[in-house]
$ cat input.cif   # mmCIF, N, CA, C and O atoms
data_target
#
loop_
_atom_site.label_atom_id
_atom_site.label_comp_id
_atom_site.auth_asym_id
_atom_site.auth_seq_id
_atom_site.Cartn_x
_atom_site.Cartn_y
_atom_site.Cartn_z
N MET A 764 11.87 7.46 8.16
CA MET A 764 10.49 7.14 7.87
C MET A 764 10.14 5.85 8.61
O MET A 764 10.91 4.90 8.61
N GLU A 765 8.98 5.81 9.22
CA GLU A 765 8.52 4.64 9.95
C GLU A 765 7.81 3.69 9.00
O GLU A 765 6.59 3.70 8.88
N ALA A 766 8.58 2.85 8.31
CA ALA A 766 7.99 1.93 7.34
C ALA A 766 8.98 0.82 7.03
O ALA A 766 10.18 0.98 7.18
N GLU A 767 8.43 -0.29 6.59
CA GLU A 767 9.25 -1.35 6.01
C GLU A 767 9.34 -1.03 4.53
O GLU A 767 8.32 -0.86 3.87
N VAL A 768 10.54 -0.95 4.01
CA VAL A 768 10.76 -0.63 2.60
C VAL A 768 11.40 -1.84 1.95
O VAL A 768 12.49 -2.26 2.34
N ARG A 769 10.70 -2.42 1.00
CA ARG A 769 11.13 -3.69 0.40
C ARG A 769 11.25 -3.53 -1.12
O ARG A 769 10.25 -3.40 -1.81
N PHE A 770 12.47 -3.56 -1.59
CA PHE A 770 12.72 -3.48 -3.03
C PHE A 770 13.50 -4.70 -3.52
O PHE A 770 13.99 -4.70 -4.63
N ASP A 771 13.57 -5.75 -2.70
CA ASP A 771 14.27 -6.96 -3.10
C ASP A 771 13.38 -7.80 -4.03
O ASP A 771 12.16 -7.64 -4.06
N ALA A 772 14.01 -8.69 -4.78
CA ALA A 772 13.29 -9.48 -5.79
C ALA A 772 12.20 -10.35 -5.16
O ALA A 772 11.11 -10.50 -5.73
N GLY A 773 12.46 -10.94 -4.01
CA GLY A 773 11.48 -11.81 -3.38
C GLY A 773 10.22 -11.07 -2.95
O GLY A 773 9.10 -11.53 -3.19
N SER A 774 10.40 -9.92 -2.31
CA SER A 774 9.24 -9.12 -1.89
C SER A 774 8.45 -8.62 -3.09
O SER A 774 7.22 -8.62 -3.08
N ARG A 775 9.17 -8.19 -4.10
CA ARG A 775 8.49 -7.70 -5.31
C ARG A 775 7.68 -8.83 -5.96
O ARG A 775 6.56 -8.61 -6.41
N ALA A 776 8.22 -10.04 -5.96
CA ALA A 776 7.50 -11.18 -6.53
C ALA A 776 6.24 -11.50 -5.73
O ALA A 776 5.20 -11.85 -6.30
N LEU A 777 6.31 -11.37 -4.41
CA LEU A 777 5.14 -11.64 -3.57
C LEU A 777 3.97 -10.71 -3.90
O LEU A 777 2.81 -11.11 -3.77
N TYR A 778 4.27 -9.49 -4.27
CA TYR A 778 3.24 -8.49 -4.54
C TYR A 778 2.92 -8.36 -6.04
O TYR A 778 2.20 -7.46 -6.43
N ALA A 779 3.42 -9.26 -6.87
CA ALA A 779 3.19 -9.18 -8.31
C ALA A 779 1.82 -9.68 -8.72
O ALA A 779 1.44 -9.56 -9.87
N THR A 780 1.08 -10.25 -7.78
CA THR A 780 -0.23 -10.80 -8.11
C THR A 780 -1.29 -10.32 -7.12
O THR A 780 -0.97 -9.90 -6.01
N ASP A 781 -2.52 -10.38 -7.55
CA ASP A 781 -3.66 -10.24 -6.66
C ASP A 781 -4.62 -11.36 -7.04
O ASP A 781 -4.18 -12.38 -7.57
N ALA A 782 -5.89 -11.24 -6.78
CA ALA A 782 -6.82 -12.33 -7.10
C ALA A 782 -7.16 -12.40 -8.59
O ALA A 782 -7.87 -13.29 -9.01
N SER A 783 -6.63 -11.49 -9.38
CA SER A 783 -6.89 -11.48 -10.82
C SER A 783 -5.88 -12.38 -11.53
O SER A 783 -5.00 -12.98 -10.92
N ASN A 784 -5.99 -12.44 -12.85
CA ASN A 784 -5.04 -13.20 -13.66
C ASN A 784 -3.80 -12.39 -14.03
O ASN A 784 -2.91 -12.90 -14.69
N TYR A 785 -3.76 -11.11 -13.64
CA TYR A 785 -2.66 -10.23 -14.02
C TYR A 785 -1.43 -10.48 -13.15
O TYR A 785 -1.54 -10.81 -11.97
N ARG A 786 -0.26 -10.31 -13.76
CA ARG A 786 1.01 -10.43 -13.06
C ARG A 786 1.85 -9.22 -13.43
O ARG A 786 2.31 -9.10 -14.57
N GLN A 787 2.05 -8.32 -12.48
CA GLN A 787 2.85 -7.13 -12.70
C GLN A 787 3.80 -6.98 -11.53
O GLN A 787 3.36 -6.82 -10.38
N VAL A 788 5.09 -7.03 -11.77
CA VAL A 788 6.08 -6.91 -10.71
C VAL A 788 6.20 -5.43 -10.34
O VAL A 788 6.49 -4.59 -11.20
N PRO A 789 5.98 -5.09 -9.07
CA PRO A 789 6.07 -3.69 -8.67
C PRO A 789 7.51 -3.19 -8.63
O PRO A 789 8.45 -3.99 -8.58
N ILE A 790 7.66 -1.88 -8.62
CA ILE A 790 8.98 -1.26 -8.45
C ILE A 790 9.51 -1.61 -7.07
O ILE A 790 10.68 -1.91 -6.89
N GLY A 791 8.64 -1.57 -6.08
CA GLY A 791 8.98 -1.89 -4.70
C GLY A 791 7.73 -1.82 -3.85
O GLY A 791 6.66 -1.45 -4.33
N VAL A 792 7.90 -2.17 -2.58
CA VAL A 792 6.77 -2.21 -1.65
C VAL A 792 7.13 -1.41 -0.41
O VAL A 792 8.23 -1.56 0.13
N VAL A 793 6.20 -0.58 0.04
CA VAL A 793 6.37 0.16 1.29
C VAL A 793 5.23 -0.25 2.22
O VAL A 793 4.07 -0.20 1.82
N ILE A 794 5.58 -0.65 3.43
CA ILE A 794 4.60 -1.03 4.44
C ILE A 794 4.71 -0.02 5.57
O ILE A 794 5.57 -0.14 6.46
N PRO A 795 3.86 1.02 5.54
CA PRO A 795 3.98 2.12 6.51
C PRO A 795 3.49 1.73 7.90
O PRO A 795 2.56 0.95 8.05
N ARG A 796 4.14 2.32 8.90
CA ARG A 796 3.71 2.15 10.29
C ARG A 796 2.92 3.36 10.79
O ARG A 796 2.39 3.33 11.90
N SER A 797 2.85 4.41 9.98
CA SER A 797 2.13 5.62 10.38
C SER A 797 1.63 6.34 9.13
O SER A 797 2.10 6.09 8.02
N THR A 798 0.68 7.25 9.34
CA THR A 798 0.19 8.04 8.22
C THR A 798 1.28 8.98 7.71
O THR A 798 1.32 9.29 6.52
N ASP A 799 2.18 9.41 8.60
CA ASP A 799 3.30 10.25 8.17
C ASP A 799 4.19 9.49 7.18
O ASP A 799 4.75 10.08 6.26
N ALA A 800 4.33 8.19 7.37
CA ALA A 800 5.13 7.38 6.45
C ALA A 800 4.46 7.31 5.08
O ALA A 800 5.15 7.28 4.05
N ILE A 801 3.14 7.30 5.05
CA ILE A 801 2.43 7.32 3.76
C ILE A 801 2.70 8.64 3.06
O ILE A 801 3.03 8.67 1.87
N VAL A 802 2.59 9.74 3.80
CA VAL A 802 2.85 11.07 3.22
C VAL A 802 4.28 11.14 2.69
O VAL A 802 4.52 11.62 1.57
N GLY A 803 5.24 10.64 3.46
CA GLY A 803 6.64 10.66 3.02
C GLY A 803 6.86 9.83 1.76
O GLY A 803 7.61 10.22 0.87
N THR A 804 6.20 8.69 1.70
CA THR A 804 6.32 7.83 0.52
C THR A 804 5.75 8.52 -0.71
O THR A 804 6.37 8.51 -1.79
N VAL A 805 4.59 9.14 -0.56
CA VAL A 805 3.97 9.85 -1.68
C VAL A 805 4.86 11.01 -2.14
O VAL A 805 5.05 11.23 -3.33
N GLU A 806 5.45 11.74 -1.20
CA GLU A 806 6.35 12.84 -1.55
C GLU A 806 7.56 12.34 -2.34
O GLU A 806 7.95 12.95 -3.34
N LEU A 807 8.16 11.23 -1.90
CA LEU A 807 9.31 10.68 -2.62
C LEU A 807 8.92 10.19 -4.01
O LEU A 807 9.65 10.42 -4.98
N CYS A 808 7.80 9.52 -4.10
CA CYS A 808 7.35 9.03 -5.41
C CYS A 808 7.06 10.19 -6.35
O CYS A 808 7.39 10.14 -7.54
N ARG A 809 6.46 11.25 -5.83
CA ARG A 809 6.20 12.43 -6.66
C ARG A 809 7.50 13.04 -7.14
O ARG A 809 7.63 13.41 -8.31
N ARG A 810 8.48 13.15 -6.25
CA ARG A 810 9.77 13.74 -6.61
C ARG A 810 10.45 12.98 -7.74
O ARG A 810 11.08 13.57 -8.62
N PHE A 811 10.34 11.65 -7.73
CA PHE A 811 11.02 10.83 -8.73
C PHE A 811 10.11 10.34 -9.86
O PHE A 811 10.52 9.58 -10.71
N GLY A 812 8.86 10.79 -9.85
CA GLY A 812 7.93 10.43 -10.92
C GLY A 812 7.50 8.97 -10.91
O GLY A 812 7.15 8.42 -11.95
N ALA A 813 7.53 8.35 -9.74
CA ALA A 813 7.16 6.94 -9.64
C ALA A 813 5.65 6.81 -9.40
O ALA A 813 5.11 7.48 -8.53
N PRO A 814 4.99 5.95 -10.14
CA PRO A 814 3.56 5.73 -9.90
C PRO A 814 3.35 5.01 -8.57
O PRO A 814 4.25 4.35 -8.06
N ILE A 815 2.14 5.14 -8.03
CA ILE A 815 1.79 4.56 -6.73
C ILE A 815 0.53 3.73 -6.87
O ILE A 815 -0.40 4.11 -7.57
N VAL A 816 0.51 2.60 -6.16
CA VAL A 816 -0.71 1.80 -6.01
C VAL A 816 -0.92 1.58 -4.52
O VAL A 816 -0.03 1.08 -3.84
N MET A 817 -2.08 1.97 -4.02
CA MET A 817 -2.45 1.67 -2.64
C MET A 817 -3.04 0.26 -2.66
O MET A 817 -4.07 0.03 -3.30
N ARG A 818 -2.39 -0.66 -2.00
CA ARG A 818 -2.85 -2.05 -2.03
C ARG A 818 -3.71 -2.33 -0.81
O ARG A 818 -3.37 -1.99 0.30
N GLY A 819 -4.82 -3.01 -1.08
CA GLY A 819 -5.71 -3.42 0.01
C GLY A 819 -5.40 -4.85 0.40
O GLY A 819 -4.26 -5.20 0.69
N GLY A 820 -6.40 -5.69 0.33
CA GLY A 820 -6.24 -7.08 0.74
C GLY A 820 -5.73 -7.99 -0.36
O GLY A 820 -5.60 -9.19 -0.16
N GLY A 821 -5.46 -7.45 -1.55
CA GLY A 821 -4.99 -8.28 -2.65
C GLY A 821 -6.09 -9.13 -3.25
O GLY A 821 -5.83 -10.15 -3.88
N THR A 822 -7.35 -8.70 -3.06
CA THR A 822 -8.48 -9.49 -3.54
C THR A 822 -9.08 -8.95 -4.84
O THR A 822 -10.13 -9.41 -5.27
N SER A 823 -8.41 -8.01 -5.47
CA SER A 823 -8.92 -7.42 -6.70
C SER A 823 -9.05 -8.47 -7.80
O SER A 823 -8.13 -9.24 -8.04
N LEU A 824 -10.18 -8.47 -8.46
CA LEU A 824 -10.39 -9.40 -9.58
C LEU A 824 -10.07 -8.77 -10.92
O LEU A 824 -10.12 -9.43 -11.95
N ALA A 825 -9.76 -7.47 -10.91
CA ALA A 825 -9.49 -6.76 -12.17
C ALA A 825 -8.07 -6.22 -12.24
O ALA A 825 -7.75 -5.40 -13.09
N GLY A 826 -7.20 -6.61 -11.32
CA GLY A 826 -5.80 -6.22 -11.39
C GLY A 826 -5.44 -4.90 -10.73
O GLY A 826 -4.31 -4.43 -10.88
N GLN A 827 -6.34 -4.29 -9.96
CA GLN A 827 -6.03 -3.01 -9.34
C GLN A 827 -4.96 -3.12 -8.24
O GLN A 827 -4.36 -2.13 -7.87
N GLY A 828 -4.73 -4.31 -7.72
CA GLY A 828 -3.79 -4.49 -6.62
C GLY A 828 -2.37 -4.77 -7.04
O GLY A 828 -1.49 -4.94 -6.20
N CYS A 829 -2.10 -4.82 -8.34
CA CYS A 829 -0.74 -5.07 -8.80
C CYS A 829 -0.47 -4.20 -10.03
O CYS A 829 -1.35 -4.02 -10.87
N ASN A 830 0.71 -3.65 -10.09
CA ASN A 830 1.10 -2.82 -11.22
C ASN A 830 2.58 -2.50 -11.10
O ASN A 830 3.19 -2.73 -10.06
N VAL A 831 3.16 -1.98 -12.15
CA VAL A 831 4.55 -1.53 -12.12
C VAL A 831 4.53 -0.16 -11.47
O VAL A 831 4.40 0.87 -12.12
N ALA A 832 4.60 -0.18 -10.14
CA ALA A 832 4.47 1.03 -9.33
C ALA A 832 5.05 0.73 -7.96
O ALA A 832 5.42 -0.41 -7.66
N VAL A 833 5.12 1.76 -7.12
CA VAL A 833 5.46 1.55 -5.72
C VAL A 833 4.16 1.19 -5.02
O VAL A 833 3.22 1.98 -5.01
N LEU A 834 4.08 -0.01 -4.47
CA LEU A 834 2.88 -0.44 -3.77
C LEU A 834 2.97 -0.01 -2.32
O LEU A 834 3.99 -0.24 -1.66
N ILE A 835 1.91 0.59 -1.82
CA ILE A 835 1.82 0.96 -0.41
C ILE A 835 0.79 0.04 0.21
O ILE A 835 -0.38 0.06 -0.15
N ASP A 836 1.24 -0.81 1.13
CA ASP A 836 0.38 -1.81 1.76
C ASP A 836 0.20 -1.45 3.23
O ASP A 836 1.10 -1.59 4.04
N CYS A 837 -0.99 -0.99 3.58
CA CYS A 837 -1.29 -0.56 4.95
C CYS A 837 -1.84 -1.68 5.82
O CYS A 837 -2.12 -1.47 6.99
N SER A 838 -2.01 -2.87 5.27
CA SER A 838 -2.71 -3.93 5.98
C SER A 838 -1.97 -4.47 7.21
O SER A 838 -2.59 -5.03 8.10
N LYS A 839 -0.67 -4.31 7.28
CA LYS A 839 0.08 -4.89 8.40
C LYS A 839 -0.02 -4.05 9.67
O LYS A 839 -0.19 -4.61 10.76
N TYR A 840 0.06 -2.73 9.55
CA TYR A 840 0.11 -1.87 10.73
C TYR A 840 -1.07 -0.91 10.85
O TYR A 840 -1.45 -0.54 11.95
N LEU A 841 -1.61 -0.45 9.76
CA LEU A 841 -2.64 0.59 9.78
C LEU A 841 -4.01 -0.02 9.48
O LEU A 841 -4.61 0.22 8.44
N HIS A 842 -4.51 -0.80 10.41
CA HIS A 842 -5.75 -1.53 10.16
C HIS A 842 -6.76 -1.44 11.31
O HIS A 842 -7.73 -2.18 11.32
N HIS A 843 -6.56 -0.55 12.26
CA HIS A 843 -7.46 -0.47 13.41
C HIS A 843 -8.63 0.47 13.17
O HIS A 843 -8.45 1.56 12.61
N VAL A 844 -9.80 0.07 13.61
CA VAL A 844 -10.96 0.95 13.62
C VAL A 844 -10.90 1.73 14.92
O VAL A 844 -10.90 1.14 16.01
N LEU A 845 -10.83 3.06 14.83
CA LEU A 845 -10.72 3.89 16.03
C LEU A 845 -12.07 4.28 16.59
O LEU A 845 -12.26 4.34 17.79
N SER A 846 -13.01 4.58 15.69
CA SER A 846 -14.36 4.93 16.16
C SER A 846 -15.35 4.76 15.02
O SER A 846 -14.99 4.84 13.85
N ILE A 847 -16.60 4.52 15.41
CA ILE A 847 -17.69 4.42 14.45
C ILE A 847 -18.84 5.28 14.93
O ILE A 847 -19.26 5.17 16.08
N ASP A 848 -19.33 6.15 14.07
CA ASP A 848 -20.50 6.98 14.34
C ASP A 848 -21.62 6.49 13.42
O ASP A 848 -21.69 6.86 12.25
N ALA A 849 -22.48 5.63 13.96
CA ALA A 849 -23.53 5.01 13.16
C ALA A 849 -24.54 6.02 12.64
O ALA A 849 -25.07 5.87 11.53
N LEU A 850 -24.81 7.07 13.41
CA LEU A 850 -25.80 8.06 12.99
C LEU A 850 -25.35 8.83 11.75
O LEU A 850 -26.11 9.03 10.82
N SER A 851 -24.11 9.25 11.74
CA SER A 851 -23.60 10.01 10.59
C SER A 851 -22.95 9.10 9.55
O SER A 851 -22.48 9.58 8.53
N ARG A 852 -22.89 7.81 9.86
CA ARG A 852 -22.31 6.82 8.97
C ARG A 852 -20.85 7.12 8.62
O ARG A 852 -20.44 7.05 7.48
N LEU A 853 -20.09 7.44 9.66
CA LEU A 853 -18.67 7.75 9.51
C LEU A 853 -17.86 6.80 10.39
O LEU A 853 -18.28 6.42 11.48
N ALA A 854 -16.68 6.46 9.90
CA ALA A 854 -15.75 5.65 10.68
C ALA A 854 -14.37 6.27 10.61
O ALA A 854 -13.96 6.80 9.57
N GLU A 855 -13.66 6.24 11.71
CA GLU A 855 -12.27 6.71 11.74
C GLU A 855 -11.40 5.48 11.89
O GLU A 855 -11.57 4.69 12.83
N VAL A 856 -10.48 5.30 10.92
CA VAL A 856 -9.61 4.12 10.94
C VAL A 856 -8.17 4.55 10.93
O VAL A 856 -7.84 5.65 10.56
#
$ encode --input "input.cif" --output "structure tokens"
Amino acid sequence: MEAEVRFDAGSRALYATDASNYRQVPIGVVIPRSTDAIVGTVELCRRFGAPIVMRGGGTSLAGQGCNVAVLIDCSKYLHHVLSIDALSRLAEV
């Protein structure tokens, strides 16, 4: 799988917070390099019954960015805008 897989205590602690007051240490963190890596992560989590949180910028004020789950953080590699169609108001990222 093309991803950074981080289940060490330090990485888990880094992702235990967002902009809210909540502190939830995740099961682990996956930083995918491709959409196939996201699919693979979801398949593994489904197989083992692990909850998933898709993490954005960590700016959630209500705690949506942290939970006891496998966090998938796409911000490092999957952040490019490929095209924008202003007329149909669609973007491919």
$ resolve_selection --input "input.cif" --expression "the PyMOL selection byres ((chain A and resi 832) around 8)" --output "list in words"
Tyr778, Gln787, Val788, Pro789, Ile790, Gly791, Val792, Val793, Ala813, Pro814, Ile815, Val816, Cys829, Asn830, Val831, Val833, Leu834 and Ile835 of chain A
$ atom_distance --input "input.cif" --atom1 "atom N of A:Leu845" --atom2 "atom O of A:Gly828"
24.4 Å
$ atom_distance --input "input.cif" --atom1 "atom CA of A:Glu806" --atom2 "atom O of A:Ala766"
15.2 Å
$ select_by_dssp --input "input.cif" --residues "chain A" --states "helix (DSSP H, G or I)" --output "list in words"
Ala772, Gly773, Ser774, Arg775, Ala776, Leu777, Thr798, Asp799, Ala800, Ile801, Val802, Gly803, Thr804, Val805, Glu806, Leu807, Cys808, Arg809, Arg810 and Phe811 of chain A
$ select_by_dssp --input "input.cif" --residues "chain A" --states "strand (DSSP E or B)" --output "number ranges by chain"
A: 766-769, 780, 786, 791-795, 815-818, 833-836, 846-848, 853-855
$ atom_distance --input "input.cif" --atom1 "atom CA of A:Ala800" --atom2 "atom CA of A:Leu853"
24.0 Å
$ resolve_selection --input "input.cif" --expression "the PyMOL selection byres ((chain A and resi 820) around 8)" --output "list in words"
Thr780, Asp781, Ala782, Met817, Arg818, Gly819, Gly821, Thr822, Ser823, Gly828, Asp836, Cys837 and Ser838 of chain A
$ resolve_selection --input "input.cif" --expression "the PyMOL selection byres ((chain A and resi 764) around 8)" --output "ChimeraX atom specification"
/A:765-768,794-797,799-801,803-804
$ closest_residue --input "input.cif" --among "A:Cys808, A:Leu824, A:Glu855, A:Thr798" --to "A:Leu841" --atoms "only C-alpha atoms"
A:Thr798
$ axis_aligned_box --input "input.cif" --around "stretch 797-802 of chain A" --padding-each-side "8 Å" --output "AutoDock Vina command-line options"
--center_x 2.7 --center_y 8.0 --center_z 6.0 --size_x 21.0 --size_y 23.2 --size_z 24.8
